Structure formats: C-alpha cells, structure tokens
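Worksheet: one structure, shown below.
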Amino acid sequence: MSEMLFYHLTRRRLEQVLPELLEKTLQRGWKAVVKGGSEERLQQINGELWTYGRNSFLPHGLKTDGFTDRQPIYLTIEDERPNEADVLFLVDGADAADFAAYARVCDLFDGNDDEAVQAARERWKRAKDAGHKLTYWQQSEDTGGWVKKAEG
C-alpha cells in the first residue's frame, strides 16, 4: 500500500508549496509525477517551476518535451508513469485510478475552496477504505509551516 499525504493549503498557494515538496523529493533520490487537472493549468505550473527560485533548478518536463522516461519530474494530466516515479503529486483536484505503483502519493488541495475540500475528503475516504496509510497536514496559521492534524 502507498503512503498518502494530504496537504491542506490555506496560507500559501500551490505554486509556492509544490516546488518545495518537489525539491525534497529529488533530495531523497526519488522521481515524481505531477498530475494536474487540466492542460492549461499544467502549462502554468510548468512555467512556475522554471522560474521558481534564483538558486534552484527543478528538472522537469511534459510529454511534448520528449524523453519522458528520463524526466526526474514529469507533468501530466493522464494516469501515466513513464519515468517510474516514486512519488505522485495530485494537484488541482486531480485523482488517479491506481496508487499501487507509487511509494508515496501527495494530494495538495486549496483549503479556501469548499468544493476542493469536499473532493479531498472523498479521496481520503476512498484511500482509507483501500487500506492506504494516510496523514493529513494543514498549514499553521502562525508560521505557514505544516502541522500533522490526522492519521488514518
């Protein structure tokens, strides 16, 4: 079973949080797939990752870039894993048919959007019913850091 981490974004935007989590993923020697909700949004995330930090570089690509099997971070809207990623990031309400191939799945959702929160609750329930190990993280109101709020 996969380890699933739900990240409830309340103080910082996805574009601020995702690059930090991707950096940690690469530091561990893991590869990642980022699955988004739409091509347009994925293009926006792609641009954000290129300009995310002055002193950092997050090697990533889309199907149109080619060499999908060599991308340390692969961006897609499909259920695909051409780079044999260890971690799946679900963003903008994206879901996946199967988590079994991944060691870890990170579900990032906008805590200021009631529909996004409800959809995340439904994904949590399905994952729990499937027997995955779950943790729920929420941004601290004081520091913006992460506080573990629940396990399942």
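Residue numbers start at 1 in each chain; chains themselves are named A, B, ... in the order of the structure tokens; ligands are numbered from 1 in the order shown.
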Skipping near chain neighbours, those fewer than 4 positions away, what residues fall within 6 Å of stretch 132-146 of chain A using only C-alpha atoms, listed as a list in words?
Met1, Ser2, Glu3, Met4, Leu5, Phe6, Tyr7, His8, Ala127, Lys128, Ala150, Glu151 and Gly152 of chain A
Every residue of chain A that DSSP places in strand (DSSP E), as a PyMOL selection string
chain A and resi 3-9+32-35+60-61+73-76+87-90+104-110+133-139+146-151
In terms of only C-alpha atoms, the residue from A:Val147, A:Leu108, A:Leu22, A:Ala97 at minimal distance from A:Arg126 is A:Ala97
- Please provide as a list in words all residues within 8 Å of A:Ile77, with the sequence filter that same-chain residues fewer than 4 positions apart are discarded (counting only C-alpha atoms).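 Near A:Ile77, the qualifying residues are Lys35, Gly36, Gly37, Ser38, Glu39, Leu42 and Ala94 of chain A.
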Selection file, C-alpha atoms, as a PDB file, in the first residue's frame:
ATOM      1  CA  LYS A  35      -0.789  15.090 -12.204  1.00  0.00           C
ATOM      2  CA  GLY A  36      -2.861  18.212 -12.796  1.00  0.00           C
ATOM      3  CA  GLY A  37      -6.497  18.865 -13.535  1.00  0.00           C
ATOM      4  CA  SER A  38      -6.101  20.482 -16.974  1.00  0.00           C
ATOM      5  CA  GLU A  39      -3.512  21.087 -19.697  1.00  0.00           C
ATOM      6  CA  LEU A  42      -0.237  22.196 -16.125  1.00  0.00           C
ATOM      7  CA  ALA A  94      -6.679  15.536  -9.993  1.00  0.00           C
TER       8      ALA A  94
END
Judged by only C-alpha atoms, the minimum distance to A:Phe89 among A:Arg41, A:Cys106, A:Trp50, A:Thr76 is found for A:Cys106
Across A:Asp114, A:Leu88, A:Thr68, A:Leu62, the smallest distance to A:Leu18, with only C-alpha atoms counted, is shown by A:Leu88
**Report entry** Spatial neighbours of A:Leu14, max dist 9 Å, only C-alpha atoms, sep filter under 6 positions, as a PyMOL selection string
**Finding:** chain A and resi 45+91-92+108-110
Run DSSP on the backbone and tell me which residues of stretch 11-134 of chain A come out as helix (DSSP H, G or I); list them as a VMD selection string. chain A and resid 14 to 27 39 to 51 63 to 65 68 to 70 114 to 129
Please produce a file of the residues just selected, as an mmCIF file, in the first residue's frame, where the atoms kept are C-alpha atoms.
data_model
loop_
_atom_site.group_PDB
_atom_site.id
_atom_site.type_symbol
_atom_site.label_atom_id
_atom_site.label_comp_id
_atom_site.auth_asym_id
_atom_site.auth_seq_id
_atom_site.Cartn_x
_atom_site.Cartn_y
_atom_site.Cartn_z
ATOM 1 C CA LEU A 14 0.196 25.659 -4.733
ATOM 2 C CA GLU A 15 2.872 27.459 -6.769
ATOM 3 C CA GLN A 16 4.732 28.218 -3.541
ATOM 4 C CA VAL A 17 4.338 24.813 -1.886
ATOM 5 C CA LEU A 18 4.751 22.369 -4.777
ATOM 6 C CA PRO A 19 8.341 23.366 -5.699
ATOM 7 C CA GLU A 20 9.461 22.946 -2.089
ATOM 8 C CA LEU A 21 7.959 19.455 -1.909
ATOM 9 C CA LEU A 22 9.466 18.555 -5.279
ATOM 10 C CA GLU A 23 12.902 19.698 -4.073
ATOM 11 C CA LYS A 24 12.602 17.405 -1.052
ATOM 12 C CA THR A 25 11.547 14.565 -3.329
ATOM 13 C CA LEU A 26 14.618 14.977 -5.541
ATOM 14 C CA GLN A 27 16.902 15.328 -2.496
ATOM 15 C CA GLU A 39 -3.512 21.087 -19.697
ATOM 16 C CA GLU A 40 -3.800 24.849 -19.221
ATOM 17 C CA ARG A 41 -3.092 24.613 -15.517
ATOM 18 C CA LEU A 42 -0.237 22.196 -16.125
ATOM 19 C CA GLN A 43 1.337 24.691 -18.524
ATOM 20 C CA GLN A 44 1.087 27.332 -15.797
ATOM 21 C CA ILE A 45 2.738 25.006 -13.261
ATOM 22 C CA ASN A 46 5.438 24.214 -15.831
ATOM 23 C CA GLY A 47 6.227 27.923 -16.141
ATOM 24 C CA GLU A 48 6.227 28.385 -12.373
ATOM 25 C CA LEU A 49 8.706 25.534 -11.919
ATOM 26 C CA TRP A 50 11.116 27.142 -14.403
ATOM 27 C CA THR A 51 11.060 30.452 -12.544
ATOM 28 C CA LYS A 63 5.118 14.821 -22.860
ATOM 29 C CA THR A 64 5.705 17.432 -25.588
ATOM 30 C CA ASP A 65 9.280 17.927 -24.320
ATOM 31 C CA THR A 68 9.515 11.280 -20.725
ATOM 32 C CA ASP A 69 11.317 8.280 -19.264
ATOM 33 C CA ARG A 70 14.262 10.491 -18.258
ATOM 34 C CA ASP A 114 -15.163 24.432 -0.279
ATOM 35 C CA GLU A 115 -15.552 22.172 -3.332
ATOM 36 C CA ALA A 116 -11.842 21.292 -3.289
ATOM 37 C CA VAL A 117 -12.033 20.455 0.420
ATOM 38 C CA GLN A 118 -15.093 18.232 -0.093
ATOM 39 C CA ALA A 119 -13.425 16.438 -3.017
ATOM 40 C CA ALA A 120 -10.291 15.875 -0.895
ATOM 41 C CA ARG A 121 -12.453 14.391 1.876
ATOM 42 C CA GLU A 122 -13.911 11.957 -0.651
ATOM 43 C CA ARG A 123 -10.420 10.997 -1.883
ATOM 44 C CA TRP A 124 -9.326 10.498 1.757
ATOM 45 C CA LYS A 125 -12.264 8.170 2.401
ATOM 46 C CA ARG A 126 -11.607 6.117 -0.747
ATOM 47 C CA ALA A 127 -7.900 5.835 0.102
ATOM 48 C CA LYS A 128 -8.638 4.840 3.686
ATOM 49 C CA ASP A 129 -11.158 2.229 2.548
#
